[in-house]
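Q: What follows is the file model06.pdb, containing PDB, C-alpha atoms, pLDDT in the B column:
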ATOM      1  CA  THR A 223     -19.099  -9.126 -76.306  1.00 95.00           C
ATOM      2  CA  ALA A 224     -21.855 -11.102 -78.076  1.00 95.00           C
ATOM      3  CA  THR A 225     -21.259 -13.981 -80.469  1.00 94.00           C
ATOM      4  CA  VAL A 226     -23.560 -16.436 -82.256  1.00 94.00           C
ATOM      5  CA  THR A 227     -22.973 -20.197 -82.187  1.00 91.00           C
ATOM      6  CA  ASP A 228     -23.382 -22.542 -85.144  1.00 90.00           C
ATOM      7  CA  ARG A 229     -26.885 -23.270 -83.831  1.00 91.00           C
ATOM      8  CA  GLY A 230     -27.845 -19.610 -83.878  1.00 91.00           C
ATOM      9  CA  GLU A 231     -27.649 -19.179 -80.093  1.00 93.00           C
ATOM     10  CA  ARG A 232     -26.174 -16.041 -78.599  1.00 95.00           C
ATOM     11  CA  ARG A 233     -23.294 -16.311 -76.148  1.00 96.00           C
ATOM     12  CA  TYR A 234     -21.823 -13.462 -74.148  1.00 97.00           C
ATOM     13  CA  ASP A 235     -18.358 -12.661 -72.817  1.00 97.00           C
ATOM     14  CA  VAL A 236     -18.450 -10.298 -69.822  1.00 97.00           C
ATOM     15  CA  ARG A 237     -15.189  -8.855 -68.516  1.00 98.00           C
ATOM     16  CA  HIS A 238     -13.523  -5.669 -67.278  1.00 97.00           C
ATOM     17  CA  ALA A 239     -13.026  -3.074 -70.025  1.00 95.00           C
ATOM     18  CA  ASP A 240      -9.296  -3.048 -69.256  1.00 96.00           C
ATOM     19  CA  ASP A 241      -9.133  -6.708 -70.324  1.00 97.00           C
ATOM     20  CA  THR A 242     -10.575  -6.158 -73.784  1.00 95.00           C
ATOM     21  CA  GLY A 243      -8.585  -8.274 -76.219  1.00 93.00           C
ATOM     22  CA  THR A 244      -6.864 -10.320 -73.511  1.00 97.00           C
ATOM     23  CA  PRO A 245      -7.036 -14.082 -74.165  1.00 96.00           C
ATOM     24  CA  VAL A 246      -9.366 -15.862 -71.762  1.00 96.00           C
ATOM     25  CA  ALA A 247      -6.537 -18.231 -70.818  1.00 96.00           C
ATOM     26  CA  GLU A 248      -4.734 -15.267 -69.222  1.00 97.00           C
ATOM     27  CA  LEU A 249      -7.742 -14.336 -67.075  1.00 97.00           C
ATOM     28  CA  ASP A 250      -9.626 -16.005 -64.221  1.00 97.00           C
ATOM     29  CA  ALA A 251     -12.610 -17.572 -66.007  1.00 97.00           C
ATOM     30  CA  TYR A 252     -16.023 -18.105 -64.363  1.00 97.00           C
ATOM     31  CA  ASP A 253     -19.351 -19.492 -65.516  1.00 94.00           C
ATOM     32  CA  ASP A 254     -21.657 -18.839 -62.541  1.00 96.00           C
ATOM     33  CA  PRO A 255     -23.035 -15.255 -62.359  1.00 96.00           C
ATOM     34  CA  LEU A 256     -23.014 -15.455 -58.558  1.00 95.00           C
ATOM     35  CA  ASP A 257     -19.218 -15.704 -58.631  1.00 97.00           C
ATOM     36  CA  ALA A 258     -19.260 -12.003 -59.478  1.00 97.00           C
ATOM     37  CA  ARG A 259     -20.288 -11.258 -55.892  1.00 96.00           C
ATOM     38  CA  GLU A 260     -16.734 -11.928 -54.723  1.00 96.00           C
ATOM     39  CA  ILE A 261     -15.157 -10.068 -57.652  1.00 97.00           C
ATOM     40  CA  VAL A 262     -16.984  -6.824 -56.852  1.00 97.00           C
ATOM     41  CA  LYS A 263     -16.402  -6.938 -53.100  1.00 97.00           C
ATOM     42  CA  HIS A 264     -12.868  -5.484 -53.034  1.00 97.00           C
ATOM     43  CA  ASP A 265     -10.753  -3.255 -55.251  1.00 95.00           C
ATOM     44  CA  ALA A 266      -7.282  -4.066 -56.604  1.00 94.00           C
ATOM     45  CA  LYS A 267      -5.734  -3.124 -53.238  1.00 91.00           C
ATOM     46  CA  GLY A 268      -8.071  -5.372 -51.265  1.00 94.00           C
ATOM     47  CA  ARG A 269     -10.172  -2.505 -49.912  1.00 93.00           C
ATOM     48  CA  TYR A 270     -13.931  -2.995 -49.495  1.00 95.00           C
ATOM     49  CA  ARG A 271     -16.047  -1.323 -52.177  1.00 95.00           C
ATOM     50  CA  PRO A 272     -19.174   0.171 -50.541  1.00 93.00           C
ATOM     51  CA  LEU A 273     -20.354   1.559 -53.889  1.00 94.00           C
ATOM     52  CA  LYS A 274     -20.546  -1.136 -56.536  1.00 95.00           C
ATOM     53  CA  THR A 275     -20.778   1.389 -59.386  1.00 96.00           C
ATOM     54  CA  ALA A 276     -17.573   3.149 -58.328  1.00 95.00           C
ATOM     55  CA  PRO A 277     -14.808   3.015 -60.982  1.00 95.00           C
ATOM     56  CA  THR A 278     -12.696   0.799 -58.716  1.00 95.00           C
ATOM     57  CA  LEU A 279     -13.673  -2.599 -60.080  1.00 97.00           C
ATOM     58  CA  ASP A 280     -10.689  -4.928 -60.198  1.00 97.00           C
ATOM     59  CA  SER A 281      -9.725  -6.555 -63.512  1.00 97.00           C
ATOM     60  CA  GLY A 282      -8.267  -9.932 -64.481  1.00 97.00           C
ATOM     61  CA  TRP A 283     -11.477 -12.003 -64.776  1.00 98.00           C
ATOM     62  CA  ALA A 284     -13.942 -13.082 -67.455  1.00 98.00           C
ATOM     63  CA  PHE A 285     -17.301 -14.842 -67.857  1.00 98.00           C
ATOM     64  CA  PRO A 286     -16.650 -16.113 -71.403  1.00 95.00           C
ATOM     65  CA  GLU A 287     -19.581 -18.400 -72.226  1.00 93.00           C
ATOM     66  CA  LEU A 288     -22.804 -16.957 -70.827  1.00 97.00           C
ATOM     67  CA  SER A 289     -26.361 -17.430 -71.984  1.00 96.00           C
ATOM     68  CA  PRO A 290     -28.475 -14.260 -72.325  1.00 95.00           C
ATOM     69  CA  ARG A 291     -30.063 -14.814 -68.909  1.00 96.00           C
ATOM     70  CA  ASP A 292     -26.707 -15.459 -67.218  1.00 97.00           C
ATOM     71  CA  ALA A 293     -25.190 -12.420 -68.930  1.00 97.00           C
ATOM     72  CA  TYR A 294     -27.983 -10.302 -67.466  1.00 96.00           C
ATOM     73  CA  GLU A 295     -27.492 -11.796 -63.993  1.00 97.00           C
ATOM     74  CA  THR A 296     -23.738 -11.218 -64.162  1.00 97.00           C
ATOM     75  CA  VAL A 297     -24.048  -7.553 -65.121  1.00 96.00           C
ATOM     76  CA  GLU A 298     -26.718  -7.040 -62.458  1.00 96.00           C
ATOM     77  CA  THR A 299     -24.433  -8.592 -59.859  1.00 96.00           C
ATOM     78  CA  ILE A 300     -21.520  -6.371 -60.866  1.00 97.00           C
ATOM     79  CA  TYR A 301     -23.678  -3.233 -61.182  1.00 96.00           C
ATOM     80  CA  PRO A 302     -26.866  -3.798 -59.124  1.00 94.00           C
ATOM     81  CA  ALA A 303     -30.181  -2.354 -60.321  1.00 90.00           C
ATOM     82  CA  THR A 304     -28.694  -0.911 -63.489  1.00 95.00           C
ATOM     83  CA  VAL A 305     -29.981  -2.955 -66.421  1.00 95.00           C
ATOM     84  CA  ALA A 306     -33.611  -2.557 -65.372  1.00 94.00           C
ATOM     85  CA  ASN A 307     -33.266   1.209 -64.943  1.00 96.00           C
ATOM     86  CA  TRP A 308     -31.421   1.485 -68.262  1.00 96.00           C
ATOM     87  CA  TYR A 309     -34.328  -0.324 -69.947  1.00 96.00           C
ATOM     88  CA  ARG A 310     -36.971   1.762 -68.171  1.00 96.00           C
ATOM     89  CA  GLU A 311     -35.230   4.968 -69.210  1.00 97.00           C
ATOM     90  CA  ARG A 312     -35.034   3.773 -72.802  1.00 96.00           C
ATOM     91  CA  GLU A 313     -38.772   3.108 -72.694  1.00 97.00           C
ATOM     92  CA  GLY A 314     -39.487   6.514 -71.158  1.00 96.00           C
ATOM     93  CA  GLU A 315     -40.645   4.946 -67.882  1.00 97.00           C
ATOM     94  CA  LEU A 316     -37.800   5.756 -65.485  1.00 96.00           C
ATOM     95  CA  ASP A 317     -39.180   7.111 -62.218  1.00 95.00           C
ATOM     96  CA  VAL A 318     -36.800   9.574 -60.552  1.00 97.00           C
ATOM     97  CA  THR A 319     -36.800  10.426 -56.849  1.00 96.00           C
ATOM     98  CA  HIS A 320     -35.135  13.768 -56.256  1.00 96.00           C
ATOM     99  CA  TRP A 321     -33.062  14.986 -53.305  1.00 94.00           C
ATOM    100  CA  ARG A 322     -35.835  16.636 -51.288  1.00 92.00           C
ATOM    101  CA  GLU A 323     -38.179  13.664 -51.521  1.00 93.00           C
ATOM    102  CA  THR A 324     -35.366  11.241 -50.638  1.00 93.00           C
ATOM    103  CA  MET A 325     -34.292  13.279 -47.613  1.00 92.00           C
ATOM    104  CA  GLU A 326     -37.857  13.765 -46.381  1.00 90.00           C
ATOM    105  CA  ARG A 327     -38.300  10.021 -45.991  1.00 88.00           C
ATOM    106  CA  GLN A 328     -35.127   9.572 -43.914  1.00 87.00           C
ATOM    107  CA  SER A 329     -35.655   8.553 -40.295  1.00 87.00           C
ATOM    108  CA  GLY A 330     -33.679   7.485 -37.242  1.00 87.00           C
ATOM    109  CA  ILE A 331     -30.047   8.595 -37.280  1.00 80.00           C
ATOM    110  CA  TYR A 332     -30.443   9.743 -40.897  1.00 83.00           C
ATOM    111  CA  GLY A 333     -33.383  12.016 -40.110  1.00 84.00           C
ATOM    112  CA  VAL A 334     -30.943  14.811 -39.278  1.00 86.00           C
ATOM    113  CA  VAL A 335     -30.331  15.283 -43.018  1.00 86.00           C
ATOM    114  CA  LYS A 336     -33.764  16.918 -43.304  1.00 84.00           C
ATOM    115  CA  THR A 337     -32.522  19.831 -41.212  1.00 83.00           C
ATOM    116  CA  TRP A 338     -30.051  20.765 -43.944  1.00 84.00           C
ATOM    117  CA  ASP A 339     -32.892  22.084 -46.130  1.00 79.00           C
ATOM    118  CA  ARG A 340     -33.839  25.361 -44.458  1.00 69.00           C
ATOM    119  CA  GLY A 341     -35.197  27.265 -47.431  1.00 67.00           C
ATOM    120  CA  GLU A 342     -31.782  28.790 -48.065  1.00 72.00           C
ATOM    121  CA  GLY A 343     -31.226  27.433 -51.557  1.00 84.00           C
ATOM    122  CA  TYR A 344     -29.675  24.196 -52.751  1.00 91.00           C
ATOM    123  CA  GLU A 345     -25.976  25.015 -52.976  1.00 92.00           C
ATOM    124  CA  HIS A 346     -25.275  22.311 -50.407  1.00 93.00           C
ATOM    125  CA  VAL A 347     -26.780  19.687 -52.739  1.00 94.00           C
ATOM    126  CA  ASN A 348     -24.469  20.904 -55.516  1.00 94.00           C
ATOM    127  CA  TRP A 349     -21.552  20.274 -53.141  1.00 93.00           C
ATOM    128  CA  VAL A 350     -22.802  16.761 -52.369  1.00 94.00           C
ATOM    129  CA  ALA A 351     -23.299  15.890 -56.037  1.00 95.00           C
ATOM    130  CA  GLU A 352     -19.889  17.275 -56.990  1.00 94.00           C
ATOM    131  CA  ALA A 353     -18.252  15.252 -54.222  1.00 93.00           C
ATOM    132  CA  CYS A 354     -20.050  11.933 -54.744  1.00 94.00           C
ATOM    133  CA  CYS A 355     -21.599  11.767 -58.207  1.00 94.00           C
ATOM    134  CA  ASP A 356     -18.840  12.861 -60.572  1.00 92.00           C
ATOM    135  CA  ASP A 357     -17.764  10.330 -63.239  1.00 92.00           C
ATOM    136  CA  SER A 358     -14.538   9.837 -61.295  1.00 91.00           C
ATOM    137  CA  GLN A 359     -16.564   8.578 -58.314  1.00 93.00           C
ATOM    138  CA  CYS A 360     -19.530   6.738 -59.848  1.00 95.00           C
ATOM    139  CA  LEU A 361     -20.176   5.215 -63.263  1.00 95.00           C
ATOM    140  CA  LYS A 362     -23.891   6.010 -63.157  1.00 96.00           C
ATOM    141  CA  ARG A 363     -25.334   9.140 -64.755  1.00 97.00           C
ATOM    142  CA  ARG A 364     -27.133  11.235 -62.158  1.00 97.00           C
ATOM    143  CA  GLU A 365     -30.716  11.969 -63.194  1.00 97.00           C
ATOM    144  CA  TRP A 366     -32.023  13.192 -59.843  1.00 97.00           C
ATOM    145  CA  ALA A 367     -32.031  16.896 -59.054  1.00 96.00           C
ATOM    146  CA  TYR A 368     -32.934  19.019 -56.032  1.00 95.00           C
ATOM    147  CA  ASP A 369     -36.661  18.669 -56.729  1.00 93.00           C
ATOM    148  CA  ASP A 370     -39.037  18.404 -59.690  1.00 93.00           C
ATOM    149  CA  ASP A 371     -38.534  22.055 -60.570  1.00 93.00           C
ATOM    150  CA  THR A 372     -34.888  22.643 -59.659  1.00 94.00           C
ATOM    151  CA  GLU A 373     -31.956  21.196 -61.556  1.00 95.00           C
ATOM    152  CA  LEU A 374     -28.530  21.114 -59.938  1.00 95.00           C
ATOM    153  CA  ASP A 375     -25.715  23.268 -61.290  1.00 94.00           C
ATOM    154  CA  VAL A 376     -23.162  20.444 -61.508  1.00 93.00           C
ATOM    155  CA  ASP A 377     -22.916  17.964 -64.366  1.00 93.00           C
ATOM    156  CA  GLY A 378     -24.627  14.598 -63.913  1.00 94.00           C
ATOM    157  CA  GLY A 379     -21.951  12.583 -65.706  1.00 93.00           C
ATOM    158  CA  ASP A 380     -21.841  10.520 -68.884  1.00 93.00           C
ATOM    159  CA  GLY A 381     -22.514   6.993 -67.597  1.00 93.00           C
ATOM    160  CA  VAL A 382     -24.643   4.551 -69.578  1.00 94.00           C
ATOM    161  CA  PHE A 383     -26.747   3.581 -66.577  1.00 96.00           C
ATOM    162  CA  PRO A 384     -29.034   6.246 -65.042  1.00 97.00           C
ATOM    163  CA  CYS A 385     -29.050   6.997 -61.318  1.00 97.00           C
ATOM    164  CA  ARG A 386     -32.654   7.564 -60.333  1.00 96.00           C
ATOM    165  CA  GLU A 387     -32.214   8.676 -56.700  1.00 96.00           C
ATOM    166  CA  PRO A 388     -29.525   9.572 -54.131  1.00 96.00           C
ATOM    167  CA  CYS A 389     -27.907   6.283 -53.111  1.00 94.00           C
ATOM    168  CA  SER A 390     -27.067   5.069 -49.610  1.00 92.00           C
ATOM    169  CA  VAL A 391     -23.487   6.347 -49.926  1.00 93.00           C
ATOM    170  CA  VAL A 392     -24.782   9.846 -50.709  1.00 94.00           C
ATOM    171  CA  VAL A 393     -27.292   9.727 -47.849  1.00 93.00           C
ATOM    172  CA  SER A 394     -24.664   8.504 -45.380  1.00 92.00           C
ATOM    173  CA  ALA A 395     -22.193  11.192 -46.462  1.00 93.00           C
ATOM    174  CA  ALA A 396     -24.913  13.855 -46.338  1.00 92.00           C
ATOM    175  CA  ARG A 397     -25.710  12.866 -42.747  1.00 91.00           C
ATOM    176  CA  LYS A 398     -22.118  13.522 -41.718  1.00 91.00           C
ATOM    177  CA  TRP A 399     -21.943  16.783 -43.662  1.00 91.00           C
ATOM    178  CA  THR A 400     -25.219  17.946 -42.114  1.00 89.00           C
ATOM    179  CA  ARG A 401     -23.612  17.679 -38.692  1.00 88.00           C
ATOM    180  CA  LEU A 402     -20.380  19.329 -39.828  1.00 88.00           C
ATOM    181  CA  GLU A 403     -22.184  22.171 -41.604  1.00 86.00           C
ATOM    182  CA  SER A 404     -24.063  23.016 -38.413  1.00 85.00           C
ATOM    183  CA  GLU A 405     -20.789  24.317 -36.963  1.00 84.00           C
ATOM    184  CA  GLN A 406     -20.358  28.078 -36.856  1.00 87.00           C
ATOM    185  CA  PRO A 407     -17.462  29.442 -38.951  1.00 88.00           C
ATOM    186  CA  ARG A 408     -14.434  30.779 -37.137  1.00 89.00           C
ATOM    187  CA  THR A 409     -11.503  32.875 -38.234  1.00 90.00           C
ATOM    188  CA  TYR A 410      -8.079  31.284 -37.882  1.00 88.00           C
ATOM    189  CA  GLU A 411      -4.764  32.909 -38.565  1.00 88.00           C
ATOM    190  CA  PHE A 412      -1.908  30.819 -39.945  1.00 88.00           C
ATOM    191  CA  GLU A 413       1.516  31.782 -41.167  1.00 88.00           C
ATOM    192  CA  LEU A 414       2.490  29.983 -44.385  1.00 91.00           C
ATOM    193  CA  THR A 415       4.887  30.762 -47.186  1.00 93.00           C
ATOM    194  CA  PRO A 416       3.288  30.989 -50.663  1.00 94.00           C
ATOM    195  CA  SER A 417       4.674  27.573 -51.598  1.00 94.00           C
ATOM    196  CA  GLU A 418       3.340  26.061 -48.358  1.00 93.00           C
ATOM    197  CA  LYS A 419      -0.148  27.428 -49.097  1.00 93.00           C
ATOM    198  CA  GLU A 420       0.038  25.925 -52.579  1.00 94.00           C
ATOM    199  CA  GLY A 421       1.195  22.678 -50.999  1.00 93.00           C
ATOM    200  CA  VAL A 422      -1.867  22.499 -48.737  1.00 94.00           C
ATOM    201  CA  GLU A 423      -4.112  23.129 -51.751  1.00 95.00           C
ATOM    202  CA  ALA A 424      -2.276  20.488 -53.804  1.00 94.00           C
ATOM    203  CA  ILE A 425      -2.610  17.915 -51.015  1.00 94.00           C
ATOM    204  CA  ILE A 426      -6.370  18.475 -50.783  1.00 94.00           C
ATOM    205  CA  ASP A 427      -6.716  18.172 -54.562  1.00 93.00           C
ATOM    206  CA  ALA A 428      -4.620  14.995 -54.659  1.00 92.00           C
ATOM    207  CA  VAL A 429      -6.621  13.335 -51.879  1.00 92.00           C
ATOM    208  CA  ALA A 430      -9.969  14.415 -53.363  1.00 91.00           C
ATOM    209  CA  ASP A 431      -9.038  13.093 -56.803  1.00 89.00           C
ATOM    210  CA  GLY A 432      -7.456   9.873 -55.510  1.00 87.00           C
ATOM    211  CA  ARG A 433      -4.037  10.716 -56.986  1.00 89.00           C
ATOM    212  CA  ILE A 434      -1.877  10.189 -53.899  1.00 88.00           C
ATOM    213  CA  ASP A 435      -0.439   6.916 -55.222  1.00 88.00           C
ATOM    214  CA  GLU A 436       0.540   8.615 -58.493  1.00 90.00           C
ATOM    215  CA  ILE A 437       2.863  11.109 -56.795  1.00 91.00           C
ATOM    216  CA  ARG A 438       6.368   9.675 -56.774  1.00 91.00           C
ATOM    217  CA  GLU A 439       8.326   9.883 -53.525  1.00 89.00           C
ATOM    218  CA  ALA A 440      11.354  11.271 -55.354  1.00 89.00           C
ATOM    219  CA  ASP A 441       9.358  14.011 -57.071  1.00 91.00           C
ATOM    220  CA  THR A 442       9.779  16.760 -54.505  1.00 91.00           C
ATOM    221  CA  LYS A 443       8.817  19.299 -57.171  1.00 92.00           C
ATOM    222  CA  ASP A 444       5.195  18.197 -56.726  1.00 92.00           C
ATOM    223  CA  PRO A 445       3.602  20.321 -53.960  1.00 92.00           C
ATOM    224  CA  ALA A 446       1.663  17.248 -52.752  1.00 92.00           C
ATOM    225  CA  ASN A 447       4.793  15.104 -52.477  1.00 93.00           C
ATOM    226  CA  ARG A 448       4.859  13.040 -49.270  1.00 92.00           C
ATOM    227  CA  TYR A 449       8.250  14.328 -48.140  1.00 92.00           C
ATOM    228  CA  ARG A 450       7.149  17.899 -48.696  1.00 93.00           C
ATOM    229  CA  ALA A 451       4.008  17.211 -46.668  1.00 92.00           C
ATOM    230  CA  ARG A 452       6.101  15.696 -43.878  1.00 92.00           C
ATOM    231  CA  PHE A 453       8.456  18.698 -43.955  1.00 92.00           C
ATOM    232  CA  LEU A 454       5.462  21.032 -43.672  1.00 92.00           C
ATOM    233  CA  ARG A 455       4.152  19.040 -40.712  1.00 93.00           C
ATOM    234  CA  ALA A 456       7.539  19.068 -38.989  1.00 93.00           C
ATOM    235  CA  LYS A 457       7.867  22.807 -39.506  1.00 93.00           C
ATOM    236  CA  ARG A 458       4.325  24.070 -38.887  1.00 92.00           C
ATOM    237  CA  PHE A 459       2.608  21.576 -36.537  1.00 92.00           C
ATOM    238  CA  ASP A 460       3.031  21.632 -32.766  1.00 91.00           C
ATOM    239  CA  ASP A 461       3.295  18.502 -30.577  1.00 90.00           C
ATOM    240  CA  ALA A 462      -0.527  18.318 -30.370  1.00 90.00           C
ATOM    241  CA  GLY A 463      -0.884  18.297 -34.150  1.00 90.00           C
ATOM    242  CA  ASN A 464      -2.167  21.877 -34.446  1.00 89.00           C
ATOM    243  CA  LEU A 465      -1.280  23.826 -37.577  1.00 89.00           C
ATOM    244  CA  SER A 466       0.924  26.793 -36.589  1.00 86.00           C
ATOM    245  CA  GLY A 467       0.218  25.888 -32.964  1.00 86.00           C
ATOM    246  CA  THR A 468      -3.363  27.148 -33.313  1.00 87.00           C
ATOM    247  CA  PRO A 469      -5.888  24.905 -31.541  1.00 88.00           C
ATOM    248  CA  THR A 470      -9.166  24.235 -33.332  1.00 88.00           C
ATOM    249  CA  ASP A 471     -11.196  25.174 -30.247  1.00 84.00           C
ATOM    250  CA  PRO A 472      -9.052  26.908 -27.624  1.00 76.00           C
ATOM    251  CA  ASP A 473     -11.946  27.043 -25.146  1.00 76.00           C
ATOM    252  CA  ALA A 474     -13.008  23.400 -25.383  1.00 68.00           C
ATOM    253  CA  ASP A 475     -11.888  20.633 -23.061  1.00 56.00           C
ATOM    254  CA  ASP A 476     -10.465  17.474 -24.557  1.00 51.00           C
ATOM    255  CA  GLY A 477     -13.180  14.863 -24.997  1.00 48.00           C
ATOM    256  CA  GLU A 478     -14.577  12.187 -27.249  1.00 49.00           C
ATOM    257  CA  ASP A 479     -15.953  12.948 -30.657  1.00 50.00           C
ATOM    258  CA  GLU A 480     -19.687  13.472 -30.278  1.00 49.00           C
ATOM    259  CA  ASP A 481     -20.267  11.474 -33.441  1.00 53.00           C
ATOM    260  CA  ALA A 482     -18.135   8.507 -32.338  1.00 46.00           C
TER     261      ALA A 482
END
Rewrite the structure from the file as structure tokens, please.

A:
Amino acid sequence: TATVTDRGERRYDVRHADDTGTPVAELDAYDDPLDAREIVKHDAKGRYRPLKTAPTLDSGWAFPELSPRDAYETVETIYPATVANWYREREGELDVTHWRETMERQSGIYGVVKTWDRGEGYEHVNWVAEACCDDSQCLKRREWAYDDDTELDVDGGDGVFPCREPCSVVVSAARKWTRLESEQPRTYEFELTPSEKEGVEAIIDAVADGRIDEIREADTKDPANRYRARFLRAKRFDDAGNLSGTPTDPDADDGEDEDA
């Protein structure tokens, strides 16, 4: 929020959107933009936030009396490298680095990501973007595509700030998925009742959408309810944790995860 003093100077109040209209006296007030470094480090549950533009920013704070320069520094600390890219896009000067170019420059342990592009299309990049770049996961608006000539089939989001290239979180996740996608498919046979199948699907949806905490323990009508999940585990898992007693790899010896 911008205001003008009696001397014609602009002053800015920067806070979480959830605290709009809350009196400053009810919030933790700061005046040094660098204080925002601690605010953005953890979410409301104390968990580390690896992606600073994730919609997990905790509320309850305010920077109520900032000069224009300090307002800029505060926003840049909360959402790094966003104001500059927003300005460059507005001026028609935003340079975008697409998926293929970003992956081609990976090296070391991340170089394996380059093997995922085998001339077999770009469906895998759609999967990555849907998993990582949806509005529910990142407040930036994805502007990068597969390459200069190939747009992705999933929506880039509605964020104010543009995302000009796959970020480190996307690259790190893509490295893991590259290894997982190199596995050959197998056919497994499980016995589940219709409601149990729906329960497995509901659990995956709830975890993927971050809704686990919203499912009440007493609401056993919800297929993703914790007690229903525990009942399914008690009924269908063997002592080794295999669904329906079916091992993932019946021919493999027990050993350490190769990616540990």

Q: Considering all atoms listed in the file, can you say which of A:Thr337, A:Thr242, A:Ser358, A:Thr304 comes closest to A:Ala284?

A: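 For A:Ala284, the nearest of the given residues is A:Thr242.
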
Q: If the PyMOL selection byres ((chain A and resi 235) around 12) is run on the structure shown, which residues does it catch, given as an MDAnalysis selection string?

A: chainID A and resid 223:226 232:234 236:239 241:246 251:253 255 283:290 292:294 296:297

Q: Can you pull out the residues contacting stretch 446-449 of chain A? Cut-off 9 Å, using only C-alpha atoms, and skip same-chain residues under 2 positions away; I want them as a list in words.

A: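 Counting only C-alpha atoms, the residues come to Glu420, Gly421, Val422, Glu423, Ala424, Ile425, Ile426, Asp427, Ala428, Ile434, Ile437, Arg438, Glu439, Ala440, Asp441, Thr442, Lys443, Asp444, Ala451, Arg452, Phe453 and Leu454 of chain A.
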
Q: Given the selection you just returned, output its residues as a file containing C-alpha atoms, formatted as an mmCIF file, keeping the file's coordinate frame.

A:
data_model
loop_
_atom_site.group_PDB
_atom_site.id
_atom_site.type_symbol
_atom_site.label_atom_id
_atom_site.label_comp_id
_atom_site.auth_asym_id
_atom_site.auth_seq_id
_atom_site.Cartn_x
_atom_site.Cartn_y
_atom_site.Cartn_z
ATOM 1 C CA GLU A 420 0.038 25.925 -52.579
ATOM 2 C CA GLY A 421 1.195 22.678 -50.999
ATOM 3 C CA VAL A 422 -1.867 22.499 -48.737
ATOM 4 C CA GLU A 423 -4.112 23.129 -51.751
ATOM 5 C CA ALA A 424 -2.276 20.488 -53.804
ATOM 6 C CA ILE A 425 -2.610 17.915 -51.015
ATOM 7 C CA ILE A 426 -6.370 18.475 -50.783
ATOM 8 C CA ASP A 427 -6.716 18.172 -54.562
ATOM 9 C CA ALA A 428 -4.620 14.995 -54.659
ATOM 10 C CA ILE A 434 -1.877 10.189 -53.899
ATOM 11 C CA ILE A 437 2.863 11.109 -56.795
ATOM 12 C CA ARG A 438 6.368 9.675 -56.774
ATOM 13 C CA GLU A 439 8.326 9.883 -53.525
ATOM 14 C CA ALA A 440 11.354 11.271 -55.354
ATOM 15 C CA ASP A 441 9.358 14.011 -57.071
ATOM 16 C CA THR A 442 9.779 16.760 -54.505
ATOM 17 C CA LYS A 443 8.817 19.299 -57.171
ATOM 18 C CA ASP A 444 5.195 18.197 -56.726
ATOM 19 C CA ALA A 451 4.008 17.211 -46.668
ATOM 20 C CA ARG A 452 6.101 15.696 -43.878
ATOM 21 C CA PHE A 453 8.456 18.698 -43.955
ATOM 22 C CA LEU A 454 5.462 21.032 -43.672
#

Q: For stretch 363-380 of chain A, find every residue with an atom within 9 Å (counting only C-alpha atoms), except residues of its own chain fewer than 2 positions away, and show them as a ChimeraX atom specification.

A: /A:318-323,344-345,347-349,351-352,355-357,360-361,382-388

Q: Box in all listed atoms of stretch 248-266 of chain A, axis-aligned, with 5 Å more on each side; write out centre and edge lengths in Å to one decimal as JSON.

A:
{"center_x": -13.9, "center_y": -11.4, "center_z": -61.1, "size_x": 28.3, "size_y": 26.2, "size_z": 26.2}

Q: Just want the 10 Å neighbourhood of A:Thr470, counted on only C-alpha atoms, with same-chain residues fewer than 6 positions away dropped. Output as a ChimeraX atom specification.

A: /A:408,410,464

Q: What is the distance, in Å and to one decimal place, between atom CA of A:Glu295 and atom CA of A:Ala258?

A: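 Straight-line distance from atom CA of A:Glu295 to atom CA of A:Ala258 works out to 9.4 Å.
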